[in-house]
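Take a look at the structure below.
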Amino acid sequence: QVQLVESGGGLVQAGGSLRLSCAASRSIPSIDAMGWYRQAPGKQRELVALITSGGFTNYADSVKGRFTISRDGAKNTVYLQMNSLKPEDTAVYYCNVKKPGPDYWGQGTQVTVSS
């Protein structure tokens with residue numbers, strides 16, 4: 001069973017930065033994409049950013065220009081650099097791996113942005 005281990009969450013003031021990391025416990029074959037989702041209290045989980053195996057990226061409109069997703073394919077690791085954070089970015093952030101069959105999900109890491 002593959003585990004996705006997230007790190008880098010925490011408490012930051014508005015305007016600050018955080019970098020999230022997500023590493024797979026072992027190599028994952030045939031990855032289609034890796035990404036980050038988030039879920040704020042009382043809201044549905046939403047896509048934040050996605051990067052395909054070919055390097056194509058997709059971002060939620062709310063984070064474009066502020067967040068950058070990247071990956072290290074050799075290490076099956078994905079990163080999310082978050083700059084100019086806003087209080088509305090507060091949420092639990094989940095790592096996601098898309099592949100043939102069910103997706104893999106991380107356990108989530110809390111990001112809290114104070115005003």
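The way I read the labels, and the way they are meant: chains A, B, ... in the order of the structure tokens, residue 1 as the first residue of every chain, and ligand 1 as the first ligand shown, with later ones counted on from there.
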
Long-range neighbours of Thr52 of chain A as an mmCIF file with C-alpha atoms, in the first residue's frame, 9 Å cut-off, only C-alpha atoms, 5 positions minimum in chain:
```cif
data_model
loop_
_atom_site.group_PDB
_atom_site.id
_atom_site.type_symbol
_atom_site.label_atom_id
_atom_site.label_comp_id
_atom_site.auth_asym_id
_atom_site.auth_seq_id
_atom_site.Cartn_x
_atom_site.Cartn_y
_atom_site.Cartn_z
ATOM 1 C CA ILE A 31 1.394 8.232 -12.758
ATOM 2 C CA ASP A 32 -0.891 10.416 -14.847
ATOM 3 C CA ALA A 33 -0.718 13.477 -12.601
ATOM 4 C CA MET A 34 0.074 14.675 -9.105
ATOM 5 C CA GLY A 35 -1.654 17.524 -7.404
ATOM 6 C CA THR A 57 0.090 22.443 -14.990
ATOM 7 C CA ASN A 58 -3.370 23.579 -14.028
ATOM 8 C CA LYS A 98 -3.862 10.135 -10.319
#
```

Next on the checklist: Need to verify the contact set: Ser84 of chain A, 9 Å, only C-alpha atoms, exclusion of same-chain residues closer than 6 positions in sequence. Can you return it as number ranges by chain?
Outcome noted: A: 14-17, 66-67

Item to check | Trp36 of chain A surroundings by only C-alpha atoms, 6 Å radius, close-in-sequence under 4 positions cut, as JSON, numbers by chain | outcome: {"A": [48, 49, 94, 95, 96]}

Next on the checklist: Show me, as a PyMOL selection string, the residues that have an atom within 12 Å of Ala74 of chain A when counting only C-alpha atoms, minus same-chain residues fewer than 5 positions from it.
Outcome noted: chain A and resi 23-24+26-29+31+53

Please produce an output containing all heavy atoms for each residue in the selection, written as a compact mmCIF listing (two decimals), in the first residue's frame.
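This went into selection-v1.txt:
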```
# COMPACT_ATOMS: atom_id res chain seq x y z
N ALA A 23 5.58 13.23 -0.45
CA ALA A 23 6.43 12.16 -0.93
C ALA A 23 5.72 10.83 -0.83
O ALA A 23 5.08 10.54 0.19
CB ALA A 23 7.73 12.12 -0.13
N ALA A 24 5.85 10.03 -1.86
CA ALA A 24 5.26 8.69 -1.84
C ALA A 24 6.20 7.73 -1.12
O ALA A 24 7.43 7.87 -1.21
CB ALA A 24 5.01 8.21 -3.26
N ARG A 26 6.75 4.70 -1.74
CA ARG A 26 7.49 3.87 -2.68
C ARG A 26 7.18 4.35 -4.09
O ARG A 26 6.30 5.19 -4.30
CB ARG A 26 7.11 2.40 -2.53
CG ARG A 26 5.66 2.05 -2.80
CD ARG A 26 5.45 0.55 -2.84
NE ARG A 26 4.05 0.17 -3.02
CZ ARG A 26 3.44 0.11 -4.21
NH1 ARG A 26 4.09 0.45 -5.30
NH2 ARG A 26 2.18 -0.28 -4.28
N SER A 27 7.91 3.82 -5.04
CA SER A 27 7.72 4.21 -6.43
C SER A 27 6.31 3.86 -6.91
O SER A 27 5.79 2.80 -6.57
CB SER A 27 8.76 3.51 -7.30
OG SER A 27 8.56 3.83 -8.66
N ILE A 28 5.72 4.77 -7.66
CA ILE A 28 4.38 4.56 -8.21
C ILE A 28 4.48 4.52 -9.74
O ILE A 28 4.86 5.52 -10.34
CB ILE A 28 3.43 5.69 -7.79
CG1 ILE A 28 3.37 5.82 -6.28
CG2 ILE A 28 2.03 5.44 -8.35
CD1 ILE A 28 2.57 7.02 -5.79
N PRO A 29 4.16 3.40 -10.35
CA PRO A 29 4.22 3.32 -11.81
C PRO A 29 3.02 3.99 -12.46
O PRO A 29 1.97 4.15 -11.84
CB PRO A 29 4.22 1.81 -12.08
CG PRO A 29 3.50 1.22 -10.92
CD PRO A 29 3.82 2.11 -9.73
N ILE A 31 2.06 7.05 -13.31
CA ILE A 31 1.39 8.23 -12.76
C ILE A 31 0.91 9.11 -13.91
O ILE A 31 1.67 9.43 -14.82
CB ILE A 31 2.34 9.04 -11.86
CG1 ILE A 31 2.65 8.26 -10.58
CG2 ILE A 31 1.73 10.39 -11.51
CD1 ILE A 31 3.63 8.96 -9.66
N SER A 53 2.23 14.11 -15.88
CA SER A 53 3.52 13.47 -16.10
C SER A 53 4.29 14.16 -17.21
O SER A 53 5.53 14.11 -17.25
CB SER A 53 3.31 11.99 -16.43
OG SER A 53 2.49 11.86 -17.58
```

Checklist entry - Between A:Cys22, A:Gly101, A:Ala91, A:Ser7, which one has atoms that come closest to Lys43 of chain A, using only C-alpha atoms? => result A:Ala91

Item to check | DSSP helix (DSSP H, G or I) residues within segment 37-114 of chain A, as a list in words | outcome: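 Those residues are Asp61, Ser62, Val63, Gly73, Ala74, Lys75, Pro87, Glu88 and Asp89 of chain A.
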
Checklist entry - Which of these, A:Arg38, A:Glu88, A:Ser25, A:Asp61, has the shortest distance to Gly9 of chain A once you count only C-alpha atoms? => result A:Arg38

Checklist entry - Which polymer residues have any atom within 9 Å of an atom of Tyr59 of chain A, counting only C-alpha atoms, with same-chain residues fewer than 3 positions away left out, as a PyMOL selection string? => result chain A and resi 47-50+62-64+67-69

Checklist entry - Which distance in Å separates atom CA of Asp103 of chain A and atom CA of Gly8 of chain A, to one decimal? => result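 For atom CA of Asp103 of chain A relative to atom CA of Gly8 of chain A, the distance reads 21.9 Å.
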
Checklist entry - Of the candidates A:Gly65, A:Val97, A:Val78, A:Ile51, which one gets nearest to Ser21 of chain A if we count only C-alpha atoms? => result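 Residue with the minimum atom-to-atom distance to Ser21 of chain A: A:Val78.
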
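Between Leu20 of chain A and the residues A:Gln3, A:Leu85, A:Thr109, A:Pro100, the shortest atom-to-atom distance, using only C-alpha atoms, involves A:Thr109.
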
Next on the checklist: Quick check, in Å to one decimal: how far apart do atom CA of Gly73 of chain A and atom CA of Leu4 of chain A lie?
Outcome noted: 14.2 Å

Checklist entry - Per DSSP on the backbone, what are the strand (DSSP E) residues of segment 7-91 of chain A, as JSON, numbers by chain? => result {"A": [7, 10, 11, 12, 13, 18, 19, 20, 21, 22, 23, 24, 33, 34, 35, 36, 37, 38, 39, 46, 47, 48, 49, 50, 51, 52, 57, 58, 59, 67, 68, 69, 70, 71, 72, 77, 78, 79, 80, 81, 82, 91]}

Checklist entry - Restricting the calculation to only C-alpha atoms, which member of A:Gly106, A:Lys99, A:Arg19, A:Ser114 is positioned closest to Lys86 of chain A? => result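 Looking at the shortest contact to Lys86 of chain A, the residue is A:Ser114.
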
Checklist entry - atom CA of Glu6 of chain A to atom CA of Ser115 of chain A: how many Å, to one decimal? => result 24.7 Å
